[in-house]
$ cat input02.txt   # compact mmCIF, C-alpha atoms
# COMPACT_ATOMS: atom_id res chain seq x y z
CA MET A 7 -4.61 -9.04 24.89
CA LYS A 8 -6.70 -9.23 21.71
CA SER A 9 -10.24 -7.92 21.68
CA ARG A 10 -13.15 -10.08 20.52
CA ALA A 11 -13.33 -8.06 17.30
CA GLU A 12 -9.63 -8.71 16.58
CA GLU A 13 -10.03 -12.41 17.30
CA LEU A 14 -13.02 -12.57 14.93
CA GLU A 15 -11.08 -10.70 12.22
CA GLU A 16 -8.17 -13.13 12.61
CA TRP A 17 -10.48 -16.16 12.40
CA VAL A 18 -12.26 -14.85 9.28
CA THR A 19 -8.85 -14.23 7.70
CA ASP A 20 -7.90 -17.85 8.45
CA VAL A 21 -11.19 -18.97 6.89
CA ILE A 22 -10.48 -16.99 3.69
CA PHE A 23 -6.90 -18.28 3.40
CA GLY A 24 -7.95 -21.87 4.16
CA ASN A 25 -6.14 -22.07 7.50
CA ALA A 26 -9.33 -22.61 9.55
CA HIS A 27 -10.98 -26.03 9.40
CA GLY A 28 -14.11 -27.71 10.66
CA PHE A 29 -17.85 -27.32 10.18
CA ARG A 30 -18.01 -23.68 11.34
CA ALA A 31 -15.29 -22.67 8.90
CA TRP A 32 -17.05 -24.53 6.05
CA CYS A 33 -20.34 -22.78 6.81
CA MET A 34 -18.60 -19.41 6.88
CA ARG A 35 -16.99 -20.08 3.50
CA CYS A 36 -20.43 -20.85 2.03
CA VAL A 37 -21.84 -17.61 3.41
CA LEU A 38 -18.87 -15.62 2.11
CA ARG A 39 -19.19 -17.25 -1.33
CA VAL A 40 -22.79 -16.03 -1.63
CA CYS A 41 -21.70 -12.55 -0.51
CA SER A 42 -19.05 -12.60 -3.24
CA TRP A 43 -21.75 -12.98 -5.90
CA PHE A 44 -23.47 -9.86 -4.65
CA PHE A 45 -20.12 -8.08 -4.51
CA LEU A 46 -19.56 -8.94 -8.18
CA LEU A 47 -22.94 -7.41 -9.07
CA VAL A 48 -22.05 -4.21 -7.24
CA VAL A 49 -18.61 -3.99 -8.90
CA THR A 50 -20.09 -4.59 -12.36
CA LEU A 51 -22.87 -2.03 -11.87
CA ARG A 52 -20.43 0.56 -10.54
CA ARG A 53 -18.13 0.13 -13.55
CA TYR A 54 -21.11 0.46 -15.90
CA LEU A 55 -22.27 3.69 -14.27
CA PHE A 56 -18.84 5.31 -14.59
CA ARG A 57 -18.29 4.00 -18.12
CA ARG A 58 -21.61 5.45 -19.26
CA ARG A 59 -20.87 8.71 -17.40
CA ILE A 60 -24.02 8.28 -15.32
CA LYS A 61 -21.63 8.81 -12.43
CA ALA A 62 -19.27 11.74 -12.97
CA VAL A 63 -15.62 11.22 -13.91
CA HIS A 64 -13.50 14.28 -13.10
CA TYR A 65 -10.68 15.56 -15.29
CA LEU A 66 -8.27 17.91 -13.55
CA GLY A 67 -6.21 19.02 -16.52
CA THR A 68 -2.97 17.37 -15.45
CA PHE A 69 -1.28 13.99 -15.68
CA VAL A 70 -2.71 11.33 -13.33
CA VAL A 71 -0.88 8.03 -12.76
CA SER A 72 -2.74 5.33 -10.86
CA VAL A 73 -0.82 2.63 -8.95
CA GLY A 74 -3.14 -0.14 -7.83
CA ASN A 75 -4.04 -3.81 -7.93
CA ILE A 76 -6.97 -6.18 -8.33
CA THR A 77 -6.41 -7.85 -4.96
CA ALA A 78 -6.77 -6.51 -1.45
CA GLY A 79 -3.41 -5.86 0.20
CA GLY A 80 -0.08 -7.61 0.12
CA THR A 81 1.27 -6.67 -3.34
CA GLY A 82 3.99 -4.36 -2.00
CA LYS A 83 2.51 -1.20 -3.44
CA THR A 84 4.18 1.40 -1.19
CA PRO A 85 7.80 0.71 -2.31
CA VAL A 86 6.65 0.95 -5.95
CA VAL A 87 4.92 4.28 -5.30
CA GLU A 88 8.08 5.50 -3.57
CA LEU A 89 10.35 4.46 -6.46
CA LEU A 90 7.99 5.97 -9.06
CA SER A 91 7.71 9.27 -7.17
CA ARG A 92 11.47 9.51 -6.61
CA SER A 93 12.18 8.75 -10.28
CA LEU A 94 9.77 11.43 -11.50
CA ALA A 95 10.95 14.03 -8.95
CA ALA A 96 14.55 13.43 -10.05
CA ARG A 97 13.46 14.32 -13.59
CA GLY A 98 11.91 17.60 -12.45
CA ARG A 99 8.25 16.62 -12.15
CA ARG A 100 6.33 18.24 -9.30
CA CYS A 101 4.57 15.19 -7.90
CA ALA A 102 1.80 14.82 -5.36
CA ILE A 103 0.75 11.44 -3.99
CA LEU A 104 -3.00 11.26 -3.40
CA THR A 105 -3.83 8.60 -0.84
CA ARG A 106 -6.81 7.61 1.25
CA GLY A 107 -4.82 7.10 4.45
CA TYR A 108 -6.44 3.82 5.44
CA LYS A 109 -7.19 3.62 9.20
CA SER A 110 -5.79 7.11 9.86
CA LYS A 111 -7.45 9.15 12.61
CA PRO A 112 -9.32 12.38 11.76
CA LEU A 113 -7.81 15.68 12.86
CA ARG A 114 -9.43 17.50 15.77
CA LYS A 115 -9.24 20.70 13.72
CA PRO A 116 -8.70 21.00 9.95
CA GLN A 117 -5.25 22.17 8.93
CA ARG A 118 -4.93 25.83 8.05
CA TRP A 119 -3.54 26.72 4.63
CA LEU A 120 -3.19 30.18 3.05
CA ASP A 121 -3.06 30.72 -0.73
CA LYS A 122 -0.51 32.96 -2.45
CA ASP A 123 -2.70 36.00 -1.71
CA GLY A 124 -2.85 35.18 1.99
CA ARG A 125 -6.45 34.01 1.94
CA ARG A 126 -7.46 30.90 3.79
CA VAL A 127 -8.19 27.87 1.61
CA ARG A 128 -11.42 26.15 2.60
CA ALA A 129 -11.20 22.70 0.96
CA VAL A 130 -7.97 21.40 2.50
CA PRO A 131 -7.10 17.68 2.60
CA LYS A 132 -4.86 16.34 5.33
CA ILE A 133 -1.36 17.44 4.34
CA ALA A 134 1.15 14.83 5.42
CA SER A 135 3.84 16.70 3.48
CA ASP A 136 3.94 19.56 0.99
CA GLY A 137 7.23 18.23 -0.40
CA THR A 138 9.32 20.36 1.95
CA THR A 139 7.69 20.23 5.38
CA ARG A 140 6.15 17.20 7.09
CA TYR A 141 3.04 18.21 9.03
CA LEU A 142 1.41 15.03 10.35
CA GLY A 143 2.42 11.99 12.36
CA PRO A 144 1.46 8.39 11.51
CA LEU A 145 -1.71 8.49 13.65
CA ASN A 146 -3.37 11.20 11.55
CA ALA A 147 -1.64 10.60 8.23
CA GLY A 148 -1.75 6.78 8.30
CA ASP A 149 1.30 4.53 8.41
CA GLU A 150 1.97 4.30 4.67
CA PRO A 151 1.45 8.04 3.88
CA PHE A 152 3.69 8.96 6.82
CA MET A 153 6.36 6.57 5.58
CA LEU A 154 6.18 8.07 2.07
CA ALA A 155 6.32 11.62 3.45
CA ARG A 156 9.37 10.74 5.57
CA ASN A 157 11.25 9.05 2.73
CA LEU A 158 10.48 11.44 -0.14
CA ASP A 159 11.85 14.97 -0.50
CA GLY A 160 10.20 17.22 -3.05
CA VAL A 161 7.04 15.10 -3.24
CA ALA A 162 3.77 16.16 -1.60
CA VAL A 163 1.67 13.55 0.20
CA LEU A 164 -2.03 14.40 0.62
CA VAL A 165 -4.53 12.28 2.55
CA ASP A 166 -8.26 12.36 1.83
CA LYS A 167 -10.98 9.91 0.81
CA ASP A 168 -12.03 12.49 -1.81
CA ARG A 169 -9.00 12.43 -4.07
CA VAL A 170 -10.60 14.83 -6.53
CA LYS A 171 -10.50 17.41 -3.73
CA SER A 172 -6.88 16.64 -2.84
CA GLY A 173 -5.92 16.66 -6.53
CA ILE A 174 -7.34 20.15 -7.01
CA PHE A 175 -5.48 21.30 -3.89
CA ALA A 176 -2.21 19.83 -5.19
CA ILE A 177 -2.53 21.62 -8.53
CA GLU A 178 -3.81 25.00 -7.32
CA GLN A 179 -1.87 25.36 -4.06
CA LEU A 180 1.28 23.27 -4.53
CA GLY A 181 1.82 23.65 -8.28
CA SER A 182 1.83 19.90 -8.92
CA ASN A 183 1.95 18.75 -12.53
CA THR A 184 1.86 15.00 -11.85
CA LEU A 185 -0.64 13.29 -9.56
CA ILE A 186 0.12 9.77 -8.33
CA LEU A 187 -3.08 8.05 -7.27
CA ASP A 188 -2.09 5.60 -4.54
CA ASP A 189 -4.23 2.44 -4.59
CA GLY A 190 -6.18 4.07 -7.38
CA MET A 191 -7.28 1.31 -9.74
CA GLN A 192 -10.80 1.20 -8.29
CA TYR A 193 -10.99 4.99 -7.76
CA LEU A 194 -13.03 5.88 -10.83
CA LYS A 195 -14.11 9.43 -9.93
CA LEU A 196 -10.78 10.74 -11.22
CA ARG A 197 -9.65 10.05 -14.78
CA HIS A 198 -6.36 8.14 -15.05
CA GLU A 199 -3.98 8.84 -17.91
CA LEU A 200 -1.89 5.82 -16.94
CA ASP A 201 -2.77 2.68 -14.95
CA ILE A 202 0.06 0.76 -13.30
CA VAL A 203 -1.28 -2.52 -11.91
CA LEU A 204 0.70 -4.64 -9.45
CA VAL A 205 0.47 -8.43 -9.32
CA ASP A 206 2.06 -10.40 -6.48
CA CYS A 207 3.89 -13.40 -7.93
CA GLY A 208 3.23 -15.45 -4.79
CA PHE A 209 -0.53 -14.73 -4.70
CA PRO A 210 -1.33 -13.31 -8.15
CA PHE A 211 -5.08 -13.69 -7.76
CA GLY A 212 -5.36 -13.62 -4.00
CA ALA A 213 -6.70 -16.17 -1.56
CA GLY A 214 -9.88 -18.22 -1.80
CA ARG A 215 -9.00 -19.71 -5.21
CA GLY A 216 -9.28 -16.35 -6.91
CA ALA A 217 -12.71 -15.52 -5.47
CA LEU A 218 -13.90 -11.96 -5.05
CA LEU A 219 -14.28 -10.30 -1.67
CA PRO A 220 -15.32 -11.38 0.89
CA ARG A 221 -14.79 -15.08 0.06
CA GLY A 222 -11.40 -14.31 -1.45
CA THR A 223 -9.23 -11.21 -1.72
CA MET A 224 -9.99 -10.15 -5.30
CA ARG A 225 -11.40 -6.64 -5.66
CA GLU A 226 -12.30 -7.18 -9.32
CA PRO A 227 -12.41 -10.13 -11.72
CA ARG A 228 -9.23 -11.00 -13.62
CA ARG A 229 -10.55 -9.35 -16.78
CA ALA A 230 -10.01 -5.98 -15.07
CA LEU A 231 -6.32 -6.40 -15.96
CA ARG A 232 -7.20 -5.21 -19.47
CA ARG A 233 -7.35 -1.64 -18.08
CA ALA A 234 -3.64 -1.74 -17.20
CA SER A 235 -1.14 0.35 -19.15
CA TYR A 236 1.75 -1.34 -17.31
CA ILE A 237 1.75 -4.48 -15.18
CA ILE A 238 4.43 -4.87 -12.52
CA LEU A 239 5.02 -8.33 -11.10
CA THR A 240 6.21 -7.98 -7.50
CA LYS A 241 7.96 -10.32 -5.05
CA SER A 242 9.20 -12.61 -7.81
CA GLY A 243 12.11 -13.87 -5.70
CA GLY A 244 14.25 -13.95 -8.84
CA LYS A 245 12.29 -16.91 -10.23
CA PRO A 246 11.06 -17.09 -13.86
CA GLN A 247 7.45 -15.97 -14.25
CA HIS A 248 6.64 -17.34 -17.71
CA GLU A 249 3.47 -19.16 -16.59
CA LEU A 250 2.06 -16.13 -14.77
CA ILE A 251 2.88 -13.85 -17.70
CA ALA A 252 1.10 -16.25 -20.06
CA THR A 253 -2.00 -16.14 -17.82
CA ILE A 254 -1.94 -12.34 -17.69
CA ARG A 255 -1.63 -12.14 -21.47
CA LYS A 256 -5.03 -13.85 -21.77
CA TYR A 257 -6.58 -10.73 -20.26
CA ASN A 258 -4.18 -8.04 -21.46
CA PRO A 259 -2.08 -8.85 -24.53
CA VAL A 260 -0.55 -5.38 -24.96
CA ALA A 261 0.50 -3.91 -21.58
CA ASP A 262 4.21 -3.77 -20.84
CA ILE A 263 5.12 -6.25 -18.08
CA ILE A 264 7.94 -5.48 -15.64
CA VAL A 265 9.26 -8.14 -13.28
CA THR A 266 10.55 -6.93 -9.90
CA ASN A 267 11.56 -8.21 -6.51
CA HIS A 268 11.21 -6.68 -3.06
CA ALA A 269 14.85 -6.78 -2.05
CA PRO A 270 16.09 -6.22 1.53
CA ALA A 271 18.52 -3.27 1.67
CA TYR A 272 19.57 -2.83 5.32
CA LEU A 273 18.36 -2.87 8.93
CA GLU A 274 17.61 0.29 10.90
CA ASN A 275 17.05 0.61 14.65
CA ILE A 276 13.62 2.20 14.92
CA PHE A 277 14.55 4.37 17.92
CA THR A 278 18.27 5.21 17.49
CA ARG A 279 18.22 5.20 13.61
CA GLU A 280 21.43 3.14 13.68
CA ARG A 281 21.82 1.17 10.45
CA ARG A 282 23.28 -2.29 10.12
CA PRO A 283 24.08 -4.35 7.02
CA LEU A 284 22.03 -7.41 6.18
CA SER A 285 24.97 -9.58 7.21
CA PHE A 286 24.12 -8.67 10.81
CA LEU A 287 21.28 -11.22 10.67
CA GLU A 288 23.52 -14.16 9.77
CA GLY A 289 23.13 -16.78 12.52
CA LYS A 290 21.17 -14.43 14.82
CA TYR A 291 18.20 -15.66 16.87
CA VAL A 292 15.39 -13.17 16.24
CA ALA A 293 11.67 -12.55 16.60
CA CYS A 294 9.50 -11.25 13.74
CA LEU A 295 6.73 -8.81 14.70
CA SER A 296 4.39 -7.46 12.04
CA GLY A 297 0.93 -6.12 11.26
CA ILE A 298 0.77 -6.45 7.48
CA ALA A 299 -1.41 -8.26 4.95
CA ARG A 300 1.08 -11.05 4.17
CA PRO A 301 3.50 -11.52 7.08
CA GLU A 302 4.87 -14.80 5.75
CA SER A 303 6.62 -13.00 2.85
CA PHE A 304 8.34 -10.64 5.30
CA GLU A 305 9.38 -13.53 7.55
CA CYS A 306 10.83 -15.40 4.57
CA LEU A 307 12.96 -12.37 3.72
CA VAL A 308 14.35 -12.32 7.27
CA GLU A 309 15.12 -16.04 7.13
CA GLY A 310 16.69 -15.55 3.72
CA GLN A 311 19.37 -13.39 5.34
CA GLY A 312 20.45 -16.27 7.56
CA ALA A 313 18.47 -15.38 10.69
CA ARG A 314 16.82 -18.02 12.86
CA VAL A 315 13.25 -16.89 13.54
CA GLU A 316 12.31 -18.18 16.98
CA ILE A 317 9.07 -16.20 17.49
CA ARG A 318 6.54 -15.01 14.89
CA ARG A 319 4.02 -12.48 16.21
CA ARG A 320 1.39 -11.46 13.65
CA TYR A 321 -1.25 -8.77 13.97
CA PRO A 322 -3.94 -7.61 11.50
CA ASP A 323 -2.91 -5.20 8.74
CA HIS A 324 -2.36 -1.59 9.94
CA TYR A 325 -2.67 -2.69 13.59
CA TRP A 326 -1.86 -0.01 16.17
CA PHE A 327 0.38 -1.67 18.73
CA ASP A 328 -0.67 -1.52 22.35
CA GLN A 329 2.04 -0.34 24.77
CA ALA A 330 1.42 -3.15 27.28
CA ASP A 331 1.41 -5.82 24.55
CA LEU A 332 4.62 -4.46 23.06
CA GLU A 333 6.43 -4.36 26.40
CA ALA A 334 5.28 -7.89 27.21
CA PHE A 335 6.58 -9.06 23.82
CA VAL A 336 9.97 -7.39 24.36
CA GLN A 337 10.20 -9.04 27.79
CA ARG A 338 9.32 -12.42 26.27
CA CYS A 339 12.12 -11.99 23.71
CA ALA A 340 14.55 -10.94 26.46
CA ASP A 341 13.64 -14.04 28.49
CA ARG A 342 14.47 -16.15 25.43
CA ALA A 343 17.80 -14.27 25.07
CA LEU A 344 17.02 -13.32 21.46
CA ASP A 345 19.48 -11.09 19.61
CA ALA A 346 16.92 -8.75 18.02
CA ILE A 347 13.30 -8.08 17.11
CA ILE A 348 12.74 -7.48 13.39
CA THR A 349 9.70 -5.65 12.04
CA THR A 350 8.69 -3.94 8.79
CA GLU A 351 9.23 -0.27 7.98
CA LYS A 352 5.46 0.28 7.82
CA ASP A 353 4.99 -1.24 11.26
CA ALA A 354 7.93 0.70 12.71
CA VAL A 355 6.10 4.03 12.43
CA ARG A 356 3.37 2.67 14.73
CA PHE A 357 5.70 1.56 17.51
CA LEU A 358 5.66 3.11 20.96
CA LYS A 359 9.02 3.00 22.71
CA PRO A 360 9.04 0.37 25.48
CA GLU A 361 10.31 1.44 28.90
CA GLU A 362 12.83 -1.39 28.89
CA MET A 363 14.89 -1.95 25.75
CA ASP A 364 16.55 -5.25 26.60
CA VAL A 365 16.31 -6.39 22.97
CA PRO A 366 17.03 -4.02 20.05
CA ILE A 367 14.23 -3.52 17.52
CA TYR A 368 15.10 -3.05 13.85
CA PHE A 369 12.99 -2.62 10.73
CA LEU A 370 13.99 -4.30 7.49
CA ARG A 371 14.24 -1.71 4.74
CA ILE A 372 12.81 -3.00 1.46
CA GLU A 373 13.55 -1.52 -1.96
CA ILE A 374 12.33 -2.42 -5.43
CA ASP A 375 14.78 -4.30 -7.64
CA ILE A 376 13.79 -4.37 -11.32
CA LEU A 377 14.83 -7.77 -12.67
CA GLU A 378 13.24 -7.73 -16.13
CA GLY A 379 11.95 -4.78 -18.13
CA ARG A 380 14.25 -1.96 -16.97
CA GLU A 381 13.97 -0.42 -20.43
CA LYS A 382 10.16 -0.55 -20.16
CA TRP A 383 10.32 1.23 -16.78
CA ASP A 384 12.60 3.89 -18.26
CA ARG A 385 10.27 4.38 -21.21
CA MET A 386 7.35 4.79 -18.82
CA ILE A 387 9.22 7.50 -16.89
CA ASP A 388 10.17 9.15 -20.20
CA ARG A 389 6.53 9.03 -21.32
CA ILE A 390 5.31 10.80 -18.19
CA CYS A 391 8.11 13.38 -18.24
CA ALA A 392 7.51 14.16 -21.91
CA ILE A 393 4.07 15.56 -21.07
CA SER A 394 4.33 19.30 -20.51
CA ALA A 395 2.29 20.58 -17.59
CA PRO A 396 -1.07 21.69 -19.02
CA ALA A 397 -2.75 24.84 -17.80
CA PRO A 398 -5.63 24.13 -15.43
CA ALA A 399 -9.08 24.36 -16.95
CA PRO A 400 -10.91 27.64 -16.29
CA GLU A 401 -13.48 25.77 -14.21
CA TRP A 402 -13.22 22.45 -12.39
CA GLY A 403 -16.07 20.36 -13.66
CA ASP A 404 -17.24 16.91 -14.50
CA VAL A 405 -16.59 15.13 -17.74
CA LEU A 406 -20.00 13.67 -18.50
$ encode --input "input02.txt" --output "structure tokens"
Amino acid sequence: MKSRAEELEEWVTDVIFGNAHGFRAWCMRCVLRVCSWFFLLVVTLRRYLFRRRIKAVHYLGTFVVSVGNITAGGTGKTPVVELLSRSLAARGRRCAILTRGYKSKPLRKPQRWLDKDGRRVRAVPKIASDGTTRYLGPLNAGDEPFMLARNLDGVAVLVDKDRVKSGIFAIEQLGSNTLILDDGMQYLKLRHELDIVLVDCGFPFGAGRGALLPRGTMREPRRALRRASYIILTKSGGKPQHELIATIRKYNPVADIIVTNHAPAYLENIFTRERRPLSFLEGKYVACLSGIARPESFECLVEGQGARVEIRRRYPDHYWFDQADLEAFVQRCADRALDAIITTEKDAVRFLKPEEMDVPIYFLRIEIDILEGREKWDRMIDRICAISAPAPAPEWGDVL
């Protein structure tokens, strides 16, 4: 059963994406449009303050790679961060992913960490993983950080809103020489040596006809693309992207552009860890259950493997599934004699095991497939790996 707040969030989302109609929806769009103008003023002023060093920009003395976007959600950022981290770790870089951990729960007690001299470190972020040991579950780490920590060996995953603090911890306590700033394009307190910006081919400039939040889903105007060192086009579906590339070139004529697709790899049972090939879906009657920003793209991938989607259950992004709701959904699927329930890997970490498992539940593993610009990706990795790890500055300070 949805709460009133969840119902309101779902309705506002329908208003933004144009799925809600009528006089109330029109009035809400007008209100949101006015709010977007104020949002633009705030974004512009904030950029000005950081550019003029009125607000401090921190330099930590090591290489910082930002992976972000100009829209809110849905660009498929986590698989890109995973591929980037794995590529750099394979080349010997000591990476730490710095992430906010959106909608993660605070710890009852801060984690305890001792330095090399056995003294307790005071400023400790939430440590999802130090590259060897995984310390936190999805509730406290957040679904995406937990997923990254589970999938990546040799890569630290640190969760904190203050990513300057977690960056210092990564360098001083974990010996990291490469910091990957997850969802970092708008995080201006920490200087970026490299900006990788993701653009979703299906919704390159978000909903609401490219309007800024809250009328649309744009975090910044299109001209912000000029800050990108590399632009990765995601979810291309193997289709040519000449028109989108031409549009992007109006704002950034020099950044390398890499075209990718989010390709299904296999299915994995979220409780038994049994893996099945994609061919398992051919001709199967299934239900899709998800709590992500753009569920339709996930559902299309399932249908693309030959499955017949009989039920589509969508929740808000990062939704924590309720046990009673989940069991009722499984029972509904069993009553319909469905072959399986398919969810996303990000959603799978938030599942509670139902008492009755009459229908198996699998997540669809997604991996990045580079379709155009493999040599540009390789050059980017070479560029990062060519930077020798600099010695930390004698004092951590602000670059004013």
$ residues_around --input "input02.txt" --residues "A:Val161" --least-positions-apart "4" --cutoff "9 Å" --atoms "only C-alpha atoms" --output "ChimeraX atom specification"
/A:91-92,95,100-103,135-138,154-155
$ write_last_selection --input "input02.txt" --atoms "C-alpha atoms" --output "PDB file, in the coordinates of the input"
ATOM      1  CA  SER A  91       7.710   9.270  -7.170  1.00  0.00           C
ATOM      2  CA  ARG A  92      11.470   9.510  -6.610  1.00  0.00           C
ATOM      3  CA  ALA A  95      10.950  14.030  -8.950  1.00  0.00           C
ATOM      4  CA  ARG A 100       6.330  18.240  -9.300  1.00  0.00           C
ATOM      5  CA  CYS A 101       4.570  15.190  -7.900  1.00  0.00           C
ATOM      6  CA  ALA A 102       1.800  14.820  -5.360  1.00  0.00           C
ATOM      7  CA  ILE A 103       0.750  11.440  -3.990  1.00  0.00           C
ATOM      8  CA  SER A 135       3.840  16.700   3.480  1.00  0.00           C
ATOM      9  CA  ASP A 136       3.940  19.560   0.990  1.00  0.00           C
ATOM     10  CA  GLY A 137       7.230  18.230  -0.400  1.00  0.00           C
ATOM     11  CA  THR A 138       9.320  20.360   1.950  1.00  0.00           C
ATOM     12  CA  LEU A 154       6.180   8.070   2.070  1.00  0.00           C
ATOM     13  CA  ALA A 155       6.320  11.620   3.450  1.00  0.00           C
TER      14      ALA A 155
END
$ residues_around --input "input02.txt" --residues "A:Phe357" --least-positions-apart "3" --cutoff "9 Å" --atoms "all atoms listed in the file" --output "ChimeraX atom specification"
/A:276,326-329,332,353-354,360
$ atom_distance --input "input02.txt" --atom1 "atom CA of A:Glu333" --atom2 "atom CA of A:Arg356"
14.0 Å
$ closest_residue --input "input02.txt" --among "A:Asn146, A:Ile238, A:Arg156, A:Arg57" --to "A:Gly74" --atoms "only C-alpha atoms"
A:Ile238
$ closest_atom_pairs --input "input02.txt" --of "stretch 77-137 of chain A" --to "stretch 194-205 of chain A" --cutoff "12 Å" --atoms "all atoms listed in the file" --output "tab-separated table"
residue	atom	partner	partner_atom	distance
A:Thr77	CA	A:Val205	CA	8.2
A:Ala78	CA	A:Val205	CA	10.9
A:Gly79	CA	A:Leu204	CA	10.6
A:Gly80	CA	A:Val205	CA	9.5
A:Thr81	CA	A:Val205	CA	6.3
A:Gly82	CA	A:Leu204	CA	8.1
A:Lys83	CA	A:Leu204	CA	7.2
A:Thr84	CA	A:Leu204	CA	10.8
A:Pro85	CA	A:Leu204	CA	11.4
A:Val86	CA	A:Leu204	CA	8.9
A:Val87	CA	A:Ile202	CA	10.0
A:Leu90	CA	A:Ile202	CA	10.4
A:Leu104	CA	A:Leu196	CA	11.0
$ closest_residue --input "input02.txt" --among "A:Phe69, A:Phe56, A:Phe277, A:Phe23" --to "A:Gly173" --atoms "only C-alpha atoms"
A:Phe69
$ residues_near_point --input "input02.txt" --point "(11.5, -16.1, -3.3)" --cutoff "9 Å" --atoms "all atoms listed in the file" --output "list of chain:residue names"
A:Gly208, A:Lys241, A:Ser242, A:Gly243, A:Gly244, A:Lys245, A:Asn267, A:Ser303, A:Cys306, A:Leu307, A:Gly310
$ residues_around --input "input02.txt" --residues "A:Leu370" --least-positions-apart "2" --cutoff "7 Å" --atoms "all atoms listed in the file" --output "list in words"
Pro270, Tyr272, Leu273, Glu274, Ile348, Thr349, Thr350, Glu351, Tyr368 and Ile372 of chain A
$ residues_around --input "input02.txt" --residues "A:Ile298" --least-positions-apart "3" --cutoff "8 Å" --atoms "all atoms listed in the file" --output "number ranges by chain"
A: 80, 301, 320-325, 353
$ write_last_selection --input "input02.txt" --atoms "C-alpha atoms" --output "mmCIF file, in the coordinates of the input"
data_model
loop_
_atom_site.group_PDB
_atom_site.id
_atom_site.type_symbol
_atom_site.label_atom_id
_atom_site.label_comp_id
_atom_site.auth_asym_id
_atom_site.auth_seq_id
_atom_site.Cartn_x
_atom_site.Cartn_y
_atom_site.Cartn_z
ATOM 1 C CA GLY A 80 -0.080 -7.610 0.120
ATOM 2 C CA PRO A 301 3.500 -11.520 7.080
ATOM 3 C CA ARG A 320 1.390 -11.460 13.650
ATOM 4 C CA TYR A 321 -1.250 -8.770 13.970
ATOM 5 C CA PRO A 322 -3.940 -7.610 11.500
ATOM 6 C CA ASP A 323 -2.910 -5.200 8.740
ATOM 7 C CA HIS A 324 -2.360 -1.590 9.940
ATOM 8 C CA TYR A 325 -2.670 -2.690 13.590
ATOM 9 C CA ASP A 353 4.990 -1.240 11.260
#
$ closest_residue --input "input02.txt" --among "A:Asn75, A:Gln337, A:Gln311, A:Ser182" --to "A:Phe209" --atoms "only C-alpha atoms"
A:Asn75
$ residues_around --input "input02.txt" --residues "stretch 250-256 of chain A" --least-positions-apart "2" --cutoff "8 Å" --atoms "all atoms listed in the file" --output "MDAnalysis selection string"
chainID A and resid 207 210 231 247:248 258:260 263
$ write_last_selection --input "input02.txt" --atoms "C-alpha atoms" --output "PDB file, in the coordinates of the input"
ATOM      1  CA  CYS A 207       3.890 -13.400  -7.930  1.00  0.00           C
ATOM      2  CA  PRO A 210      -1.330 -13.310  -8.150  1.00  0.00           C
ATOM      3  CA  LEU A 231      -6.320  -6.400 -15.960  1.00  0.00           C
ATOM      4  CA  GLN A 247       7.450 -15.970 -14.250  1.00  0.00           C
ATOM      5  CA  HIS A 248       6.640 -17.340 -17.710  1.00  0.00           C
ATOM      6  CA  ASN A 258      -4.180  -8.040 -21.460  1.00  0.00           C
ATOM      7  CA  PRO A 259      -2.080  -8.850 -24.530  1.00  0.00           C
ATOM      8  CA  VAL A 260      -0.550  -5.380 -24.960  1.00  0.00           C
ATOM      9  CA  ILE A 263       5.120  -6.250 -18.080  1.00  0.00           C
TER      10      ILE A 263
END
$ atom_distance --input "input02.txt" --atom1 "atom CA of A:Arg99" --atom2 "atom CA of A:Leu187"
15.0 Å
$ closest_residue --input "input02.txt" --among "A:Arg232, A:Arg221, A:Arg380, A:His27" --to "A:Trp43" --atoms "only C-alpha atoms"
A:Arg221
$ closest_residue --input "input02.txt" --among "A:Arg279, A:Arg106, A:Ser235, A:Pro151" --to "A:Lys382" --atoms "all atoms listed in the file"
A:Ser235
$ atom_distance --input "input02.txt" --atom1 "atom CA of A:Leu295" --atom2 "atom CA of A:Arg318"
6.2 Å
$ closest_residue --input "input02.txt" --among "A:Met153, A:Ala392, A:Leu38, A:Leu113" --to "A:Leu219" --atoms "all atoms listed in the file"
A:Leu38
